[in-house]
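K.L.:
This one is upload_11.tsv, TSV, C-alpha atoms.
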chain	number	residue	atom	x	y	z
A	6	MET	CA	164.13	3.04	77.12
A	7	ASN	CA	161.72	0.13	77.34
A	8	ASN	CA	161.48	-2.32	80.25
A	9	ALA	CA	163.82	-4.83	78.61
A	10	GLY	CA	166.46	-2.12	78.24
A	11	LYS	CA	166.00	-1.13	81.87
A	12	MET	CA	166.47	-4.77	82.88
A	13	ILE	CA	169.71	-4.94	80.86
A	14	GLU	CA	170.92	-1.77	82.58
A	15	ILE	CA	170.07	-3.10	86.06
A	16	GLN	CA	171.84	-6.40	85.41
A	17	TRP	CA	174.95	-4.64	84.05
A	18	VAL	CA	175.22	-2.45	87.16
A	19	ASP	CA	174.59	-5.51	89.37
A	20	LEU	CA	177.63	-7.29	87.90
A	21	LYS	CA	179.72	-5.39	90.45
A	22	ASN	CA	177.95	-7.35	93.22
A	23	ARG	CA	178.68	-10.67	91.50
A	24	PHE	CA	182.25	-9.79	90.57
A	25	PRO	CA	183.80	-7.51	93.22
A	26	ASN	CA	187.05	-7.34	91.25
A	27	ILE	CA	185.55	-5.18	88.50
A	28	GLU	CA	184.78	-1.52	87.96
A	29	LEU	CA	182.11	-0.50	85.48
A	30	HIS	CA	182.60	2.69	83.54
A	31	GLU	CA	180.57	4.21	80.70
A	32	PHE	CA	177.85	2.05	79.19
A	33	VAL	CA	174.80	2.44	77.01
A	34	VAL	CA	171.87	0.18	76.21
A	35	MET	CA	170.82	0.60	72.58
A	36	PRO	CA	167.75	-0.91	70.87
A	37	ASN	CA	169.82	-3.64	69.20
A	38	HIS	CA	173.16	-3.65	71.02
A	39	PHE	CA	175.04	-2.72	74.16
A	40	HIS	CA	178.34	-0.95	74.83
A	41	GLY	CA	180.20	-0.94	78.12
A	42	ILE	CA	183.64	-0.44	79.59
A	43	LEU	CA	184.61	-3.07	82.12
A	44	GLU	CA	187.81	-2.86	84.18
A	45	ILE	CA	189.28	-5.76	86.13
A	46	VAL	CA	190.87	-4.09	89.16
A	47	GLY	CA	192.22	-6.89	91.29
A	48	ASN	CA	191.38	-10.07	93.04
A	49	LYS	CA	188.94	-8.90	95.71
A	50	GLN	CA	187.20	-11.57	97.73
A	51	PRO	CA	183.39	-11.75	97.34
A	52	GLN	CA	181.50	-10.91	100.52
A	53	GLY	CA	180.73	-13.89	102.72
A	54	ILE	CA	183.70	-15.97	101.54
A	55	ALA	CA	186.37	-16.44	104.18
A	56	LYS	CA	190.00	-15.93	103.24
A	57	ASN	CA	192.27	-18.92	103.54
A	58	ASN	CA	195.22	-17.98	105.71
A	59	MET	CA	197.23	-21.01	104.61
A	60	GLY	CA	198.48	-19.33	101.42
A	61	GLN	CA	196.58	-21.82	99.30
A	62	PRO	CA	195.28	-20.66	95.91
A	63	GLN	CA	191.64	-19.59	96.13
A	64	GLY	CA	190.66	-20.16	92.53
A	65	ILE	CA	191.13	-18.22	89.37
A	66	ALA	CA	189.81	-14.68	89.04
A	67	PRO	CA	187.05	-14.44	86.43
A	68	THR	CA	188.04	-13.34	82.96
A	69	VAL	CA	186.26	-10.77	80.83
A	70	GLY	CA	184.78	-13.74	78.96
A	71	ASP	CA	183.44	-15.22	82.21
A	72	ILE	CA	181.88	-11.91	83.21
A	73	ILE	CA	180.25	-11.30	79.81
A	74	ALA	CA	178.99	-14.91	79.70
A	75	ALA	CA	177.35	-14.42	83.10
A	76	PHE	CA	175.83	-11.10	81.97
A	77	LYS	CA	174.39	-12.69	78.82
A	78	SER	CA	173.04	-15.67	80.74
A	79	ILE	CA	171.42	-13.60	83.49
A	80	THR	CA	169.83	-11.15	81.04
A	81	THR	CA	168.57	-13.95	78.80
A	82	VAL	CA	166.84	-15.63	81.76
A	83	GLU	CA	165.35	-12.29	82.82
A	84	TYR	CA	164.22	-11.53	79.27
A	85	ILE	CA	162.45	-14.89	78.99
A	86	ARG	CA	160.76	-14.12	82.32
A	87	GLY	CA	159.67	-10.76	80.87
A	88	ILE	CA	158.19	-12.48	77.81
A	89	LYS	CA	156.20	-14.87	80.01
A	90	GLN	CA	155.12	-12.45	82.73
A	91	HIS	CA	154.94	-9.06	81.03
A	92	ASN	CA	154.31	-9.82	77.34
A	93	TRP	CA	157.67	-8.51	76.17
A	94	LYS	CA	158.30	-8.97	72.47
A	95	PRO	CA	159.79	-12.44	71.87
A	96	CYS	CA	163.31	-12.35	70.49
A	97	ASN	CA	164.09	-14.07	67.23
A	98	ARG	CA	166.20	-17.11	68.20
A	99	LYS	CA	168.71	-15.59	70.63
A	100	LEU	CA	168.86	-12.41	72.65
A	101	TRP	CA	172.63	-12.01	72.23
A	102	GLN	CA	175.09	-12.74	69.46
A	103	ARG	CA	177.35	-15.71	70.05
A	104	ASN	CA	180.51	-13.71	70.72
A	105	TYR	CA	181.30	-10.16	71.76
A	106	TRP	CA	183.80	-7.52	70.71
A	107	GLU	CA	186.61	-7.01	73.18
A	108	HIS	CA	189.22	-4.27	73.09
A	109	ILE	CA	191.93	-3.65	75.66
A	110	ILE	CA	192.18	0.04	76.53
A	111	ARG	CA	195.88	0.77	76.87
A	112	ASN	CA	196.03	4.51	77.54
A	113	GLU	CA	194.04	7.61	78.51
A	114	LYS	CA	193.53	8.75	74.91
A	115	SER	CA	192.03	5.40	73.94
A	116	TYR	CA	189.84	5.44	77.06
A	117	TYR	CA	188.62	8.94	76.22
A	118	ASN	CA	187.83	8.04	72.59
A	119	ILE	CA	185.95	4.89	73.52
A	120	SER	CA	184.07	6.67	76.32
A	121	GLU	CA	183.02	9.43	73.93
A	122	TYR	CA	181.87	6.85	71.39
A	123	ILE	CA	179.70	5.15	74.01
A	124	ILE	CA	178.29	8.42	75.37
A	125	ASN	CA	177.46	9.71	71.87
A	126	ASN	CA	176.13	6.42	70.49
A	127	PRO	CA	172.44	7.22	71.12
A	128	GLN	CA	172.70	10.41	69.04
A	129	LYS	CA	174.02	8.34	66.11
A	130	TRP	CA	171.32	5.65	66.32
A	131	LYS	CA	169.50	6.85	63.20
A	132	GLU	CA	172.70	6.26	61.19
A	133	ASP	CA	172.82	2.58	62.24
A	134	THR	CA	172.20	0.13	59.40
A	135	LEU	CA	169.72	-1.74	61.61
A	136	TYR	CA	167.83	1.40	62.68
A	137	GLU	CA	164.07	0.88	62.85
A	138	LYS	CA	161.61	3.71	63.39
Could you quickly redo this structure as structure tokens?

P.N.:
Amino acid sequence: MNNAGKMIEIQWVDLKNRFPNIELHEFVVMPNHFHGILEIVGNKQPQGIAKNNMGQPQGIAPTVGDIIAAFKSITTVEYIRGIKQHNWKPCNRKLWQRNYWEHIIRNEKSYYNISEYIINNPQKWKEDTLYEK
């Protein structure tokens, strides 16, 4: 994995610090895409933010869309920094596609199948239509 891929990996794992209400499961950084399983586990309070004992609403928990948007934004900023400071290959227009593919995992069988797909994705890279040697 190149340095850009390592940066993507680091930022994915760091999402847990930004969003304490998530669990990160299997993920893989590929040369032209990324797969990851993200679980929203509850409304945990970020460290350093005091709880309001008055029963007042404390804001809305972030959605999957909010979390992915933050991930894309953070990694884009870091990638631009890598281009400027470490001569990383400039990306053509945008680092990420506009949207993302979201699938709700509803049972253990689905979780297992998706996990296996992610784990085995690197071995199938040469079959990808965008594979480059």

K.L.:
To one decimal place in Å, what is the distance between atom CA of A:Ala75 and atom CA of A:Asp19?

P.N.:
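Pair atom CA of A:Ala75 / atom CA of A:Asp19 returns 11.2 Å.
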
K.L.:
Between A:Asn22, A:Ser120, A:Gln102, A:Asn126, which is the closest to A:Ile42 once you count all atoms listed in the file?

P.N.:
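Closest residue, counting all atoms listed in the file: A:Ser120.
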
K.L.:
Extract, using all atoms listed in the file, all DNA, RNA and protein residues at most 12 Å from A:Gly10, discarding same-chain residues fewer than 2 positions from it, and format them as a PyMOL selection string.

P.N.:
chain A and resi 6-8+12-17+33-39+80+83-84+87+93+100

K.L.:
Have a look at atom CA of A:Val46 and atom CA of A:Arg111 and let me know their distance in Å, one decimal.

P.N.:
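A separation of 14.1 Å between them.
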
K.L.:
Hey, could you pull the box centre and edge lengths for stretch 114-127 of chain A, axis-aligned, 4 Å padding per side, all listed atoms, to one decimal in Å, as AutoDock Vina command-line options?

P.N.:
--center_x 183.0 --center_y 7.3 --center_z 73.8 --size_x 29.1 --size_y 12.8 --size_z 14.6

K.L.:
Go through A:Pro67, A:Leu43, A:Lys11, A:Glu31 one by one, measure the shortest atom-to-atom distance of each to A:Ile110 using all atoms listed in the file, and give the residue with the smallest value.

P.N.:
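Under the stated criterion, the closest residue is A:Leu43.
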
K.L.:
Which is closest to A:Pro25 among A:Ile73, A:Thr81, A:Ile45, A:Lys114, if we use all atoms listed in the file?

P.N.:
A:Ile45

K.L.:
Within 12 Å of (182.7, -6.8, 70.8) (coordinates as in the file), grab all the protein and nucleic acid residues, counting only C-alpha atoms, and write them out as an MDAnalysis selection string.

P.N.:
chainID A and resid 38:42 69:70 73 101:109

K.L.:
Between A:Ala66, A:Ile124, A:Ala9, A:Cys96, which one has atoms that come closest to A:His30, using only C-alpha atoms?

P.N.:
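Ranking A:Ala66, A:Ile124, A:Ala9, A:Cys96 by distance to A:His30, first place goes to A:Ile124.
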
K.L.:
So the first atom is atom CA of A:Lys21 and the second is atom CA of A:Asn118; what is the distance between them in Å, to one decimal place?

P.N.:
23.8 Å

K.L.:
Generate the missing atoms of stretch 93-115 of chain A up to N, CA and C atoms and report them as an mmCIF file, keeping the file's coordinate frame.

P.N.:
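Result written to part-v6.cif:
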data_model
loop_
_atom_site.group_PDB
_atom_site.id
_atom_site.type_symbol
_atom_site.label_atom_id
_atom_site.label_comp_id
_atom_site.auth_asym_id
_atom_site.auth_seq_id
_atom_site.Cartn_x
_atom_site.Cartn_y
_atom_site.Cartn_z
ATOM 1 N N TRP A 93 156.619 -9.143 76.961
ATOM 2 C CA TRP A 93 157.670 -8.510 76.170
ATOM 3 C C TRP A 93 157.719 -9.177 74.808
ATOM 4 N N LYS A 94 158.191 -8.451 73.834
ATOM 5 C CA LYS A 94 158.300 -8.970 72.470
ATOM 6 C C LYS A 94 159.284 -10.146 72.456
ATOM 7 N N PRO A 95 158.849 -11.315 71.950
ATOM 8 C CA PRO A 95 159.790 -12.440 71.870
ATOM 9 C C PRO A 95 160.957 -12.113 70.944
ATOM 10 N N CYS A 96 162.134 -12.569 71.340
ATOM 11 C CA CYS A 96 163.310 -12.350 70.490
ATOM 12 C C CYS A 96 163.373 -13.455 69.440
ATOM 13 N N ASN A 97 163.955 -13.123 68.321
ATOM 14 C CA ASN A 97 164.090 -14.070 67.230
ATOM 15 C C ASN A 97 165.325 -14.932 67.479
ATOM 16 N N ARG A 98 165.136 -16.142 67.909
ATOM 17 C CA ARG A 98 166.200 -17.110 68.200
ATOM 18 C C ARG A 98 166.937 -16.800 69.494
ATOM 19 N N LYS A 99 167.892 -15.867 69.452
ATOM 20 C CA LYS A 99 168.710 -15.590 70.630
ATOM 21 C C LYS A 99 168.699 -14.105 70.952
ATOM 22 N N LEU A 100 168.815 -13.808 72.216
ATOM 23 C CA LEU A 100 168.860 -12.410 72.650
ATOM 24 C C LEU A 100 170.203 -11.780 72.296
ATOM 25 N N TRP A 101 171.280 -12.524 72.454
ATOM 26 C CA TRP A 101 172.630 -12.010 72.230
ATOM 27 C C TRP A 101 173.308 -12.752 71.089
ATOM 28 N N GLN A 102 174.243 -12.069 70.438
ATOM 29 C CA GLN A 102 175.090 -12.740 69.460
ATOM 30 C C GLN A 102 176.001 -13.718 70.193
ATOM 31 N N ARG A 103 176.535 -14.662 69.450
ATOM 32 C CA ARG A 103 177.350 -15.710 70.050
ATOM 33 C C ARG A 103 178.584 -15.150 70.768
ATOM 34 N N ASN A 104 179.285 -14.261 70.149
ATOM 35 C CA ASN A 104 180.510 -13.710 70.720
ATOM 36 C C ASN A 104 180.292 -12.258 71.144
ATOM 37 N N TYR A 105 181.356 -11.582 71.432
ATOM 38 C CA TYR A 105 181.300 -10.160 71.760
ATOM 39 C C TYR A 105 182.602 -9.536 71.275
ATOM 40 N N TRP A 106 182.603 -8.220 71.158
ATOM 41 C CA TRP A 106 183.800 -7.520 70.710
ATOM 42 C C TRP A 106 184.538 -7.014 71.929
ATOM 43 N N GLU A 107 185.787 -7.384 72.038
ATOM 44 C CA GLU A 107 186.610 -7.010 73.180
ATOM 45 C C GLU A 107 187.793 -6.181 72.698
ATOM 46 N N HIS A 108 188.075 -5.120 73.420
ATOM 47 C CA HIS A 108 189.220 -4.270 73.090
ATOM 48 C C HIS A 108 189.893 -3.863 74.392
ATOM 49 N N ILE A 109 191.182 -4.059 74.472
ATOM 50 C CA ILE A 109 191.930 -3.650 75.660
ATOM 51 C C ILE A 109 192.283 -2.175 75.530
ATOM 52 N N ILE A 110 191.880 -1.397 76.511
ATOM 53 C CA ILE A 110 192.180 0.040 76.530
ATOM 54 C C ILE A 110 193.550 0.202 77.176
ATOM 55 N N ARG A 111 194.488 0.730 76.415
ATOM 56 C CA ARG A 111 195.880 0.770 76.870
ATOM 57 C C ARG A 111 196.352 2.129 77.367
ATOM 58 N N ASN A 112 195.576 3.191 77.100
ATOM 59 C CA ASN A 112 196.030 4.510 77.540
ATOM 60 C C ASN A 112 194.837 5.453 77.683
ATOM 61 N N GLU A 113 195.095 6.620 78.244
ATOM 62 C CA GLU A 113 194.040 7.610 78.510
ATOM 63 C C GLU A 113 193.349 8.076 77.231
ATOM 64 N N LYS A 114 194.115 8.276 76.175
ATOM 65 C CA LYS A 114 193.530 8.750 74.910
ATOM 66 C C LYS A 114 192.543 7.720 74.370
ATOM 67 N N SER A 115 192.920 6.467 74.399
ATOM 68 C CA SER A 115 192.030 5.400 73.940
ATOM 69 C C SER A 115 190.783 5.335 74.821
#
